[in-house]
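Raw work.cif, mmCIF, C-alpha atoms and all ligand atoms:
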```cif
data_work
#
loop_
_atom_site.label_atom_id
_atom_site.label_comp_id
_atom_site.auth_asym_id
_atom_site.auth_seq_id
_atom_site.Cartn_x
_atom_site.Cartn_y
_atom_site.Cartn_z
CA MET A 1 0.00 0.00 0.00
CA MET A 2 1.20 3.51 -0.78
CA VAL A 3 0.17 6.69 1.00
CA ILE A 4 0.42 9.69 -1.30
CA MET A 5 0.76 12.91 0.70
CA ARG A 6 -0.70 16.22 -0.44
CA GLU A 7 1.58 18.72 -2.12
CA GLY A 8 2.97 20.86 0.67
CA ALA A 9 2.26 18.34 3.42
CA THR A 10 4.38 19.17 6.47
CA GLU A 11 7.12 17.05 8.01
CA GLU A 12 4.90 16.66 11.10
CA GLU A 13 2.09 15.22 8.97
CA VAL A 14 4.48 12.76 7.34
CA ALA A 15 5.90 11.76 10.71
CA HIS A 16 2.36 11.28 12.06
CA VAL A 17 1.46 8.86 9.26
CA VAL A 18 4.71 6.96 9.83
CA ALA A 19 3.99 6.76 13.55
CA ARG A 20 0.46 5.41 12.98
CA VAL A 21 1.73 2.79 10.54
CA GLU A 22 4.46 1.63 12.90
CA GLU A 23 2.10 1.64 15.87
CA ALA A 24 -0.02 -0.88 13.98
CA GLY A 25 2.96 -3.19 13.52
CA ALA A 26 3.65 -2.40 9.85
CA SER A 27 6.68 -0.66 8.41
CA ALA A 28 6.76 2.68 6.59
CA HIS A 29 9.21 3.68 3.87
CA VAL A 30 9.23 7.40 3.10
CA SER A 31 10.14 8.60 -0.37
CA ARG A 32 10.41 12.37 -0.79
CA GLY A 33 9.84 13.51 -4.35
CA GLU A 34 10.27 16.96 -5.78
CA ARG A 35 6.65 17.88 -5.10
CA VAL A 36 5.02 15.09 -3.17
CA THR A 37 6.03 12.62 -0.52
CA VAL A 38 4.95 9.00 -0.83
CA ILE A 39 4.97 6.55 2.07
CA GLY A 40 5.19 2.86 1.24
CA VAL A 41 3.43 0.71 3.84
CA ILE A 42 4.47 -2.90 4.17
CA GLY A 43 2.79 -5.36 6.50
CA ASP A 44 -0.11 -7.70 6.96
CA ARG A 45 -2.79 -6.65 4.49
CA GLU A 46 -5.73 -7.03 6.88
CA LEU A 47 -3.97 -4.95 9.45
CA VAL A 48 -2.83 -2.30 7.00
CA THR A 49 -6.22 -1.89 5.30
CA GLN A 50 -7.86 -1.31 8.65
CA LEU A 51 -5.74 1.77 9.30
CA PRO A 52 -7.75 4.95 8.60
CA LEU A 53 -4.83 6.43 6.67
CA GLU A 54 -6.97 8.41 4.24
CA ALA A 55 -8.37 10.41 7.17
CA LEU A 56 -5.00 11.54 8.51
CA PRO A 57 -3.96 15.17 8.02
CA GLY A 58 -1.89 15.81 4.89
CA VAL A 59 -2.90 12.58 3.12
CA GLU A 60 -4.07 12.93 -0.49
CA ARG A 61 -4.96 9.28 -1.20
CA VAL A 62 -4.06 5.71 -0.41
CA VAL A 63 -3.26 3.25 -3.21
CA ALA A 64 -3.32 -0.49 -2.65
CA ILE A 65 -0.41 -2.23 -4.32
CA LEU A 66 -0.48 -5.47 -2.39
CA LYS A 67 -2.31 -8.27 -4.15
CA PRO A 68 -5.32 -9.36 -2.14
CA TYR A 69 -4.55 -13.02 -2.79
CA LYS A 70 -1.39 -14.77 -1.71
CA LEU A 71 -1.44 -18.56 -2.05
CA VAL A 72 -2.58 -18.54 -5.67
CA SER A 73 -0.15 -15.81 -6.73
CA ARG A 74 2.94 -16.22 -8.87
CA GLU A 75 4.90 -14.49 -6.14
CA PHE A 76 4.00 -17.30 -3.77
CA ARG A 77 4.86 -20.05 -6.25
CA ARG A 78 6.88 -19.35 -9.38
CA GLU A 79 6.38 -22.72 -11.11
CA ASP A 80 3.08 -23.61 -12.76
CA THR A 81 0.85 -25.92 -10.80
CA VAL A 82 0.32 -29.22 -12.63
CA ILE A 83 -2.81 -31.13 -11.67
CA ASP A 84 -2.90 -34.85 -12.29
CA VAL A 85 -6.38 -36.32 -12.67
CA ARG A 86 -6.11 -40.11 -12.91
CA GLY A 87 -2.99 -39.70 -15.03
CA SER A 88 -4.43 -36.92 -17.21
CA ARG A 89 -2.59 -33.68 -16.51
CA VAL A 90 -3.43 -30.02 -16.83
CA GLY A 91 -1.13 -27.03 -16.33
CA GLY A 92 2.62 -26.48 -16.69
CA GLY A 93 2.66 -27.36 -20.39
CA HIS A 94 0.03 -30.11 -20.13
CA PHE A 95 -3.14 -29.49 -22.12
CA ALA A 96 -6.61 -30.82 -21.28
CA LEU A 97 -9.45 -31.29 -23.75
CA ILE A 98 -12.59 -31.80 -21.69
CA ALA A 99 -15.70 -32.67 -23.71
CA GLY A 100 -19.22 -33.88 -23.09
CA PRO A 101 -22.83 -32.82 -22.77
CA CYS A 102 -24.12 -29.86 -20.79
CA SER A 103 -26.29 -32.23 -18.79
CA VAL A 104 -26.47 -35.95 -18.38
CA GLU A 105 -29.77 -37.12 -19.88
CA THR A 106 -29.41 -40.86 -20.37
CA TYR A 107 -26.55 -43.33 -20.01
CA GLU A 108 -26.53 -43.90 -23.79
CA GLN A 109 -26.22 -40.18 -24.42
CA VAL A 110 -23.35 -39.59 -21.99
CA LEU A 111 -21.56 -42.73 -23.14
CA ALA A 112 -21.86 -41.75 -26.81
CA ALA A 113 -20.38 -38.32 -26.03
CA ALA A 114 -17.58 -39.84 -23.93
CA GLU A 115 -16.72 -42.41 -26.60
CA ALA A 116 -16.61 -39.78 -29.34
CA GLY A 117 -14.41 -37.68 -27.07
CA LYS A 118 -12.08 -40.54 -26.35
CA ARG A 119 -11.72 -41.46 -30.04
CA ALA A 120 -10.87 -37.87 -30.94
CA GLY A 121 -8.26 -37.41 -28.22
CA ALA A 122 -10.19 -35.75 -25.39
CA THR A 123 -8.38 -36.14 -22.08
CA MET A 124 -11.41 -35.84 -19.77
CA MET A 125 -15.19 -35.87 -20.05
CA ARG A 126 -17.76 -33.44 -18.72
CA GLY A 127 -21.48 -33.64 -17.97
CA GLY A 128 -23.79 -32.01 -15.45
CA ALA A 129 -25.90 -33.96 -12.98
CA PHE A 130 -26.81 -30.94 -10.86
CA LYS A 131 -27.71 -28.13 -13.24
CA PRO A 132 -27.89 -24.44 -12.32
CA ARG A 133 -30.76 -23.26 -14.53
CA THR A 134 -31.91 -19.68 -14.87
CA SER A 135 -35.52 -20.87 -14.84
CA PRO A 136 -36.81 -22.99 -11.95
CA TYR A 137 -39.06 -24.73 -14.50
CA ALA A 138 -36.20 -25.89 -16.72
CA PHE A 139 -34.65 -29.39 -16.47
CA GLN A 140 -32.61 -29.41 -13.26
CA GLY A 141 -30.46 -32.47 -13.94
CA LEU A 142 -30.65 -36.11 -12.89
CA GLY A 143 -28.80 -35.66 -9.59
CA LEU A 144 -27.39 -38.84 -8.08
CA GLU A 145 -28.58 -40.96 -11.04
CA GLY A 146 -26.62 -38.68 -13.34
CA LEU A 147 -23.49 -39.05 -11.20
CA LYS A 148 -23.77 -42.82 -11.47
CA MET A 149 -24.09 -42.60 -15.27
CA LEU A 150 -20.99 -40.41 -15.44
CA ALA A 151 -19.00 -42.84 -13.31
CA ALA A 152 -20.14 -45.73 -15.52
CA ALA A 153 -19.09 -43.82 -18.68
CA ARG A 154 -15.72 -43.18 -17.06
CA ASP A 155 -15.35 -46.89 -16.35
CA ALA A 156 -16.20 -47.65 -19.98
CA THR A 157 -13.84 -45.09 -21.55
CA GLY A 158 -11.20 -44.35 -18.91
CA LEU A 159 -11.86 -40.61 -19.19
CA PRO A 160 -11.88 -38.76 -15.84
CA VAL A 161 -15.17 -37.01 -15.04
CA VAL A 162 -15.69 -33.29 -14.51
CA THR A 163 -19.09 -32.42 -13.05
CA GLU A 164 -20.69 -29.53 -11.22
CA VAL A 165 -21.53 -29.31 -7.55
CA MET A 166 -23.90 -26.52 -6.52
CA ASP A 167 -24.64 -27.18 -2.89
CA PRO A 168 -22.12 -27.53 -0.03
CA ARG A 169 -24.31 -30.41 1.24
CA ASP A 170 -23.63 -32.38 -1.98
CA VAL A 171 -19.85 -32.02 -2.01
CA GLU A 172 -19.20 -35.39 -0.40
CA THR A 173 -21.54 -37.28 -2.73
CA VAL A 174 -20.28 -35.59 -5.89
CA ALA A 175 -16.66 -36.18 -4.79
CA GLU A 176 -17.47 -39.86 -4.42
CA TYR A 177 -18.34 -40.19 -8.14
CA ALA A 178 -16.44 -37.38 -9.88
CA ASP A 179 -12.75 -36.75 -10.47
CA VAL A 180 -12.95 -32.96 -10.80
CA LEU A 181 -15.64 -30.88 -9.09
CA GLN A 182 -16.87 -27.93 -11.14
CA VAL A 183 -18.00 -24.66 -9.60
CA GLY A 184 -20.42 -23.04 -12.04
CA ALA A 185 -20.35 -19.39 -13.02
CA ARG A 186 -23.26 -18.61 -10.73
CA ASN A 187 -21.35 -19.89 -7.73
CA THR A 188 -17.93 -18.30 -8.27
CA GLN A 189 -18.44 -16.21 -5.15
CA ASN A 190 -20.41 -18.71 -3.09
CA PHE A 191 -17.80 -18.57 -0.36
CA LEU A 192 -19.33 -21.31 1.80
CA LEU A 193 -19.24 -23.70 -1.15
CA LEU A 194 -15.66 -22.69 -1.99
CA SER A 195 -14.47 -23.28 1.57
CA GLU A 196 -16.17 -26.67 1.61
CA LEU A 197 -14.43 -27.57 -1.66
CA GLY A 198 -11.15 -26.67 -0.04
CA LYS A 199 -11.65 -29.83 2.03
CA ALA A 200 -13.07 -32.05 -0.74
CA GLY A 201 -9.83 -33.86 -1.56
CA LYS A 202 -10.52 -33.61 -5.31
CA PRO A 203 -9.37 -31.05 -7.90
CA ILE A 204 -11.75 -28.16 -8.53
CA LEU A 205 -12.63 -26.49 -11.83
CA LEU A 206 -13.61 -22.95 -10.86
CA LYS A 207 -15.53 -20.99 -13.46
CA ARG A 208 -15.39 -17.23 -13.68
CA GLY A 209 -18.79 -15.66 -13.03
CA PRO A 210 -20.29 -13.37 -15.68
CA ALA A 211 -19.72 -10.32 -13.46
CA VAL A 212 -16.53 -11.39 -11.73
CA THR A 213 -13.22 -9.63 -12.37
CA VAL A 214 -9.99 -11.56 -12.89
CA GLU A 215 -8.84 -10.42 -9.46
CA GLU A 216 -12.10 -11.60 -7.85
CA LEU A 217 -11.72 -14.95 -9.61
CA LEU A 218 -8.28 -15.35 -8.09
CA MET A 219 -9.65 -14.41 -4.68
CA ALA A 220 -12.36 -17.04 -5.09
CA ALA A 221 -9.62 -19.59 -5.83
CA GLU A 222 -7.79 -18.38 -2.73
CA TYR A 223 -10.83 -19.46 -0.64
CA ILE A 224 -10.35 -23.03 -1.87
CA VAL A 225 -6.57 -23.12 -1.58
CA LYS A 226 -6.65 -21.54 1.87
CA GLU A 227 -8.52 -24.61 3.15
CA GLY A 228 -5.76 -26.89 1.94
CA ASN A 229 -6.82 -27.83 -1.60
CA ARG A 230 -4.13 -26.57 -3.96
CA GLU A 231 -5.62 -28.23 -7.05
CA VAL A 232 -7.71 -25.53 -8.68
CA ILE A 233 -8.22 -25.17 -12.43
CA LEU A 234 -9.60 -21.77 -13.40
CA CYS A 235 -12.01 -21.38 -16.31
CA GLU A 236 -12.86 -18.39 -18.49
CA ARG A 237 -16.42 -18.88 -19.81
CA GLY A 238 -17.36 -15.39 -20.96
CA ILE A 239 -18.59 -12.37 -19.08
CA ARG A 240 -21.71 -10.25 -19.42
CA THR A 241 -21.32 -7.13 -21.54
CA PHE A 242 -23.64 -5.00 -23.71
CA GLU A 243 -23.03 -7.33 -26.67
CA THR A 244 -26.02 -9.51 -27.45
CA ALA A 245 -24.74 -11.38 -30.52
CA THR A 246 -23.09 -13.91 -28.23
CA ARG A 247 -24.40 -15.44 -25.00
CA ASN A 248 -21.45 -13.92 -23.14
CA THR A 249 -18.34 -12.04 -24.22
CA PHE A 250 -15.30 -14.28 -24.33
CA ASP A 251 -12.62 -12.43 -22.38
CA VAL A 252 -9.53 -13.87 -24.00
CA SER A 253 -7.26 -11.46 -22.12
CA ALA A 254 -8.18 -13.24 -18.88
CA VAL A 255 -5.99 -16.14 -20.01
CA PRO A 256 -2.61 -14.36 -20.15
CA LEU A 257 -3.60 -12.15 -17.20
CA VAL A 258 -4.25 -15.18 -15.02
CA LYS A 259 -1.06 -16.85 -16.18
CA MET A 260 0.96 -13.81 -15.22
CA ALA A 261 -0.70 -13.35 -11.84
CA SER A 262 -1.08 -16.98 -10.78
CA HIS A 263 0.54 -20.39 -10.95
CA LEU A 264 -2.84 -22.11 -11.37
CA PRO A 265 -3.88 -23.57 -14.73
CA ILE A 266 -6.64 -21.88 -16.73
CA VAL A 267 -8.90 -23.47 -19.32
CA VAL A 268 -11.42 -21.80 -21.60
CA ASP A 269 -15.05 -22.67 -22.18
CA PRO A 270 -15.98 -21.51 -25.69
CA SER A 271 -19.47 -23.07 -25.47
CA HIS A 272 -20.88 -20.86 -22.72
CA SER A 273 -18.89 -17.90 -24.04
CA ALA A 274 -20.46 -18.09 -27.49
CA GLY A 275 -23.81 -19.72 -26.87
CA ARG A 276 -23.73 -20.93 -30.49
CA SER A 277 -21.88 -23.85 -31.98
CA ASP A 278 -20.54 -22.02 -35.05
CA LEU A 279 -18.30 -19.86 -32.84
CA VAL A 280 -16.97 -22.70 -30.71
CA LEU A 281 -13.97 -23.55 -32.91
CA PRO A 282 -12.69 -19.97 -33.44
CA LEU A 283 -13.06 -19.13 -29.75
CA SER A 284 -11.33 -22.36 -28.77
CA LEU A 285 -8.41 -21.56 -31.06
CA ALA A 286 -8.23 -18.02 -29.67
CA GLY A 287 -8.08 -19.37 -26.13
CA VAL A 288 -5.38 -21.89 -27.00
CA ALA A 289 -3.37 -19.23 -28.85
CA ALA A 290 -3.62 -17.01 -25.76
CA GLY A 291 -1.97 -19.77 -23.73
CA ALA A 292 -4.89 -21.66 -22.18
CA ASP A 293 -4.06 -24.97 -20.50
CA GLY A 294 -7.16 -26.59 -21.90
CA VAL A 295 -10.63 -26.32 -23.37
CA LEU A 296 -13.93 -27.36 -21.79
CA VAL A 297 -16.44 -27.88 -24.57
CA GLU A 298 -20.03 -29.09 -24.82
CA THR A 299 -20.86 -31.94 -27.18
CA HIS A 300 -24.04 -33.92 -27.72
CA PRO A 301 -24.92 -36.90 -29.94
CA ASN A 302 -28.04 -35.01 -31.03
CA PRO A 303 -27.88 -31.29 -30.11
CA GLU A 304 -31.34 -30.67 -31.56
CA HIS A 305 -32.85 -32.80 -28.81
CA ALA A 306 -30.56 -31.69 -25.96
CA LEU A 307 -32.38 -30.84 -22.74
CA CYS A 308 -29.89 -28.07 -22.06
CA ASP A 309 -27.59 -25.86 -24.18
CA GLY A 310 -28.27 -27.62 -27.51
CA PRO A 311 -27.54 -24.54 -29.69
CA GLN A 312 -23.98 -24.28 -28.37
CA SER A 313 -23.20 -28.01 -28.35
CA LEU A 314 -21.01 -29.56 -31.02
CA PRO A 315 -22.54 -32.70 -32.53
CA THR A 316 -20.38 -35.65 -31.53
CA ALA A 317 -20.13 -36.51 -35.24
CA ALA A 318 -18.23 -33.25 -35.80
CA PHE A 319 -16.04 -33.56 -32.73
CA ALA A 320 -13.07 -35.37 -34.29
CA GLU A 321 -12.49 -32.60 -36.80
CA TYR A 322 -12.80 -29.97 -34.08
CA ALA A 323 -10.42 -31.83 -31.76
CA GLU A 324 -7.84 -32.20 -34.50
CA ARG A 325 -7.71 -28.42 -34.98
CA VAL A 326 -7.62 -27.60 -31.26
CA LEU A 327 -5.08 -30.25 -30.32
CA GLY A 328 -2.99 -29.35 -33.37
CA LEU A 329 -2.73 -25.74 -32.21
CA ALA A 330 -2.06 -26.82 -28.62
CA ARG A 331 0.88 -28.93 -29.84
CA TRP A 332 2.10 -26.04 -31.97
CA MET A 333 2.02 -23.93 -28.79
CA GLY A 334 4.42 -26.44 -27.29
CA LYS A 335 1.91 -28.28 -25.09
CA THR A 336 1.78 -31.95 -24.30
CA ILE A 337 -1.74 -33.37 -24.60
CA GLY A 338 -2.75 -34.74 -21.18
C1 LIG A 401 -22.04 -25.76 -17.61
O1 LIG A 401 -20.81 -25.96 -17.64
O2 LIG A 401 -22.85 -26.47 -18.18
C2 LIG A 401 -22.52 -24.52 -16.96
C3 LIG A 401 -23.70 -24.48 -16.35
O3 LIG A 401 -21.68 -23.50 -17.11
P1 LIG A 401 -21.65 -22.03 -16.46
O4 LIG A 401 -21.64 -22.24 -15.00
O5 LIG A 401 -20.37 -21.47 -17.01
O6 LIG A 401 -22.86 -21.30 -16.96
MN MN A 402 -24.11 -25.84 -20.29
#
```
Just give me the structure of the file as structure tokens.
Ligand code: PEP
Ligand code: MN
Amino acid sequence: MMVIMREGATEEEVAHVVARVEEAGASAHVSRGERVTVIGVIGDRELVTQLPLEALPGVERVVAILKPYKLVSREFRREDTVIDVRGSRVGGGHFALIAGPCSVETYEQVLAAAEAGKRAGATMMRGGAFKPRTSPYAFQGLGLEGLKMLAAARDATGLPVVTEVMDPRDVETVAEYADVLQVGARNTQNFLLLSELGKAGKPILLKRGPAVTVEELLMAAEYIVKEGNREVILCERGIRTFETATRNTFDVSAVPLVKMASHLPIVVDPSHSAGRSDLVLPLSLAGVAAGADGVLVETHPNPEHALCDGPQSLPTAAFAEYAERVLGLARWMGKTIG
């Protein structure tokens, strides 16, 4: 944190700020410029932010320079975190292609999607059993039955399962069947859920909410890591802007920003970003080119009849061609698949 003094602030005013900072157990570093004096404050963030520095005489403004997150920051850990999910890796040069339906509808459906994924080189499968739907009247997912279908499709294909958990009370059950627990965009800042997931003993895929900044996303991840779970995969899935041509606006800059600020892997979700299948390939390629550690993409054997997110789902018949392009670029970017 930096305290910028007013032009013409007196030596007494500067000394007073320094005294208050030191009283609180932090240290103050005074830098006298030609016109203004700046005081750098170093110490525990909680403690420092509680100081009413802006109210002290002679103070112009206070600027926070400390990052509000620690454990997920690059400063804390320089090397990329690599997460190993049943032998399939993500992060630190390892690329994940995670494909499957928005929601689990039948065993045949989820198996068909998983098999098509496997054939085309996907490294994990996805599918929702607990669905966060905007309308309470829309299909809410198959719940426990869906989890069992996912686990059976994993047994049949060997692909690890990524699935969403919405309720802290379901964490244990979902962790029993799934390999990676997804936090949906609507729950990015559900802090009780995040803390619970910090104790789940399984990797977490944390989506960025449509109104969540990159810094807030990293703070959400900090909630999980703080509880002892260091295996968090971040996911950019589009944010809400004034643009209506796409379901959300794919914020490709989040990818390099996260990679600079954090050691955690980040994947992109072109399906929820675009909301339409014809944009899924270009957005995927953009994400990979920006340095993403993977892609989470929705596929369906028959998108026309999907109970959820059909318009943005790639037909499984078209998945091999898609995967070839995405994995080709990932390799060109120097990544190892899985
Ligand atoms: C999903 O992955 O199907 C989903 C509900 O995504 P989001 O939380 O990003 O809307
Ligand atoms: Mn979906």
task: One decimal, Å: what's the distance from atom CA of His263 of chain A over to atom CA of Val225 of chain A, could you say?
output: 12.1 Å
Expected answer as a PyMOL selection string: residues within 10 Å of ligand MN 402 (chain A), all atoms listed in the file: chain A and resi 100-103+127-128+131-133+184+269+271-272+275+297-299+307-310+312-313
Could you write out that same residue set with C-alpha atoms as an mmCIF file, in the coordinates of the input?
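Ended up saving to out-v9.cif:
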```cif
data_model
loop_
_atom_site.group_PDB
_atom_site.id
_atom_site.type_symbol
_atom_site.label_atom_id
_atom_site.label_comp_id
_atom_site.auth_asym_id
_atom_site.auth_seq_id
_atom_site.Cartn_x
_atom_site.Cartn_y
_atom_site.Cartn_z
ATOM 1 C CA GLY A 100 -19.220 -33.880 -23.090
ATOM 2 C CA PRO A 101 -22.830 -32.820 -22.770
ATOM 3 C CA CYS A 102 -24.120 -29.860 -20.790
ATOM 4 C CA SER A 103 -26.290 -32.230 -18.790
ATOM 5 C CA GLY A 127 -21.480 -33.640 -17.970
ATOM 6 C CA GLY A 128 -23.790 -32.010 -15.450
ATOM 7 C CA LYS A 131 -27.710 -28.130 -13.240
ATOM 8 C CA PRO A 132 -27.890 -24.440 -12.320
ATOM 9 C CA ARG A 133 -30.760 -23.260 -14.530
ATOM 10 C CA GLY A 184 -20.420 -23.040 -12.040
ATOM 11 C CA ASP A 269 -15.050 -22.670 -22.180
ATOM 12 C CA SER A 271 -19.470 -23.070 -25.470
ATOM 13 C CA HIS A 272 -20.880 -20.860 -22.720
ATOM 14 C CA GLY A 275 -23.810 -19.720 -26.870
ATOM 15 C CA VAL A 297 -16.440 -27.880 -24.570
ATOM 16 C CA GLU A 298 -20.030 -29.090 -24.820
ATOM 17 C CA THR A 299 -20.860 -31.940 -27.180
ATOM 18 C CA LEU A 307 -32.380 -30.840 -22.740
ATOM 19 C CA CYS A 308 -29.890 -28.070 -22.060
ATOM 20 C CA ASP A 309 -27.590 -25.860 -24.180
ATOM 21 C CA GLY A 310 -28.270 -27.620 -27.510
ATOM 22 C CA GLN A 312 -23.980 -24.280 -28.370
ATOM 23 C CA SER A 313 -23.200 -28.010 -28.350
#
```
message: Need to verify the contact set: Thr241 of chain A, 12 Å, all atoms listed in the file, exclusion of same-chain residues closer than 2 positions in sequence. Can you return it as a ChimeraX atom specification?
response: /A:210-212,238-239,243-251,273
Preceding selection exported with C-alpha atoms as a PDB file, in the coordinates of the input:
```pdb
ATOM      1  CA  PRO A 210     -20.290 -13.370 -15.680  1.00  0.00           C
ATOM      2  CA  ALA A 211     -19.720 -10.320 -13.460  1.00  0.00           C
ATOM      3  CA  VAL A 212     -16.530 -11.390 -11.730  1.00  0.00           C
ATOM      4  CA  GLY A 238     -17.360 -15.390 -20.960  1.00  0.00           C
ATOM      5  CA  ILE A 239     -18.590 -12.370 -19.080  1.00  0.00           C
ATOM      6  CA  GLU A 243     -23.030  -7.330 -26.670  1.00  0.00           C
ATOM      7  CA  THR A 244     -26.020  -9.510 -27.450  1.00  0.00           C
ATOM      8  CA  ALA A 245     -24.740 -11.380 -30.520  1.00  0.00           C
ATOM      9  CA  THR A 246     -23.090 -13.910 -28.230  1.00  0.00           C
ATOM     10  CA  ARG A 247     -24.400 -15.440 -25.000  1.00  0.00           C
ATOM     11  CA  ASN A 248     -21.450 -13.920 -23.140  1.00  0.00           C
ATOM     12  CA  THR A 249     -18.340 -12.040 -24.220  1.00  0.00           C
ATOM     13  CA  PHE A 250     -15.300 -14.280 -24.330  1.00  0.00           C
ATOM     14  CA  ASP A 251     -12.620 -12.430 -22.380  1.00  0.00           C
ATOM     15  CA  SER A 273     -18.890 -17.900 -24.040  1.00  0.00           C
TER      16      SER A 273
END
```
Go ahead and find all residues with at least one atom no further than 12 Å from (-2.1, -34.4, -6.6) in the file's coordinates, using all atoms listed in the file; report them as a PDB file with C-alpha atoms, in the coordinates of the input.
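Heads up, here's the output in selection_9.pdb:
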```pdb
ATOM      1  CA  THR A  81       0.850 -25.920 -10.800  1.00  0.00           C
ATOM      2  CA  VAL A  82       0.320 -29.220 -12.630  1.00  0.00           C
ATOM      3  CA  ILE A  83      -2.810 -31.130 -11.670  1.00  0.00           C
ATOM      4  CA  ASP A  84      -2.900 -34.850 -12.290  1.00  0.00           C
ATOM      5  CA  VAL A  85      -6.380 -36.320 -12.670  1.00  0.00           C
ATOM      6  CA  ARG A  86      -6.110 -40.110 -12.910  1.00  0.00           C
ATOM      7  CA  GLY A  87      -2.990 -39.700 -15.030  1.00  0.00           C
ATOM      8  CA  SER A  88      -4.430 -36.920 -17.210  1.00  0.00           C
ATOM      9  CA  ARG A  89      -2.590 -33.680 -16.510  1.00  0.00           C
ATOM     10  CA  VAL A  90      -3.430 -30.020 -16.830  1.00  0.00           C
ATOM     11  CA  ASP A 179     -12.750 -36.750 -10.470  1.00  0.00           C
ATOM     12  CA  VAL A 180     -12.950 -32.960 -10.800  1.00  0.00           C
ATOM     13  CA  GLY A 201      -9.830 -33.860  -1.560  1.00  0.00           C
ATOM     14  CA  LYS A 202     -10.520 -33.610  -5.310  1.00  0.00           C
ATOM     15  CA  PRO A 203      -9.370 -31.050  -7.900  1.00  0.00           C
ATOM     16  CA  ILE A 204     -11.750 -28.160  -8.530  1.00  0.00           C
ATOM     17  CA  GLY A 228      -5.760 -26.890   1.940  1.00  0.00           C
ATOM     18  CA  ASN A 229      -6.820 -27.830  -1.600  1.00  0.00           C
ATOM     19  CA  ARG A 230      -4.130 -26.570  -3.960  1.00  0.00           C
ATOM     20  CA  GLU A 231      -5.620 -28.230  -7.050  1.00  0.00           C
ATOM     21  CA  VAL A 232      -7.710 -25.530  -8.680  1.00  0.00           C
TER      22      VAL A 232
END
```
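Nearest to ligand LIG 401 (chain A) of all the residues A:Val104, A:Val280, A:Ala289, A:Ala318 is A:Val104, based on only C-alpha atoms and all ligand atoms.
Of the listed residues A:Ser135, A:Thr157, A:Thr10, A:Thr188, the one whose atoms come nearest to ligand LIG 401 (chain A) is A:Thr188, with distances taken using all atoms listed in the file.
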Using the file's own x, y and z axes, so that the box edges lie along x, y and z, what centre and edge lengths in Å (one decimal) does a box around every listed atom of segment 49-58 of chain A get when 3 Å is added on each side? Give it as AutoDock Vina command-line options.
```
--center_x -5.1 --center_y 7.0 --center_z 6.8 --size_x 12.5 --size_y 23.7 --size_z 11.1
```
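Pairwise distance (atom CA of Glu304 of chain A, atom CA of Phe319 of chain A) equals 15.6 Å.
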field: Among listed residues A:Ile337, A:Ser262, A:Glu321, A:Leu206, nearest ligand LIG 401 (chain A) (using all atoms listed in the file)
entry: A:Leu206
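Among the candidates A:Glu11, A:Ala178, A:Ala261, A:Leu47, the residue lying nearest to Val30 of chain A is A:Glu11 (atoms considered: only C-alpha atoms).
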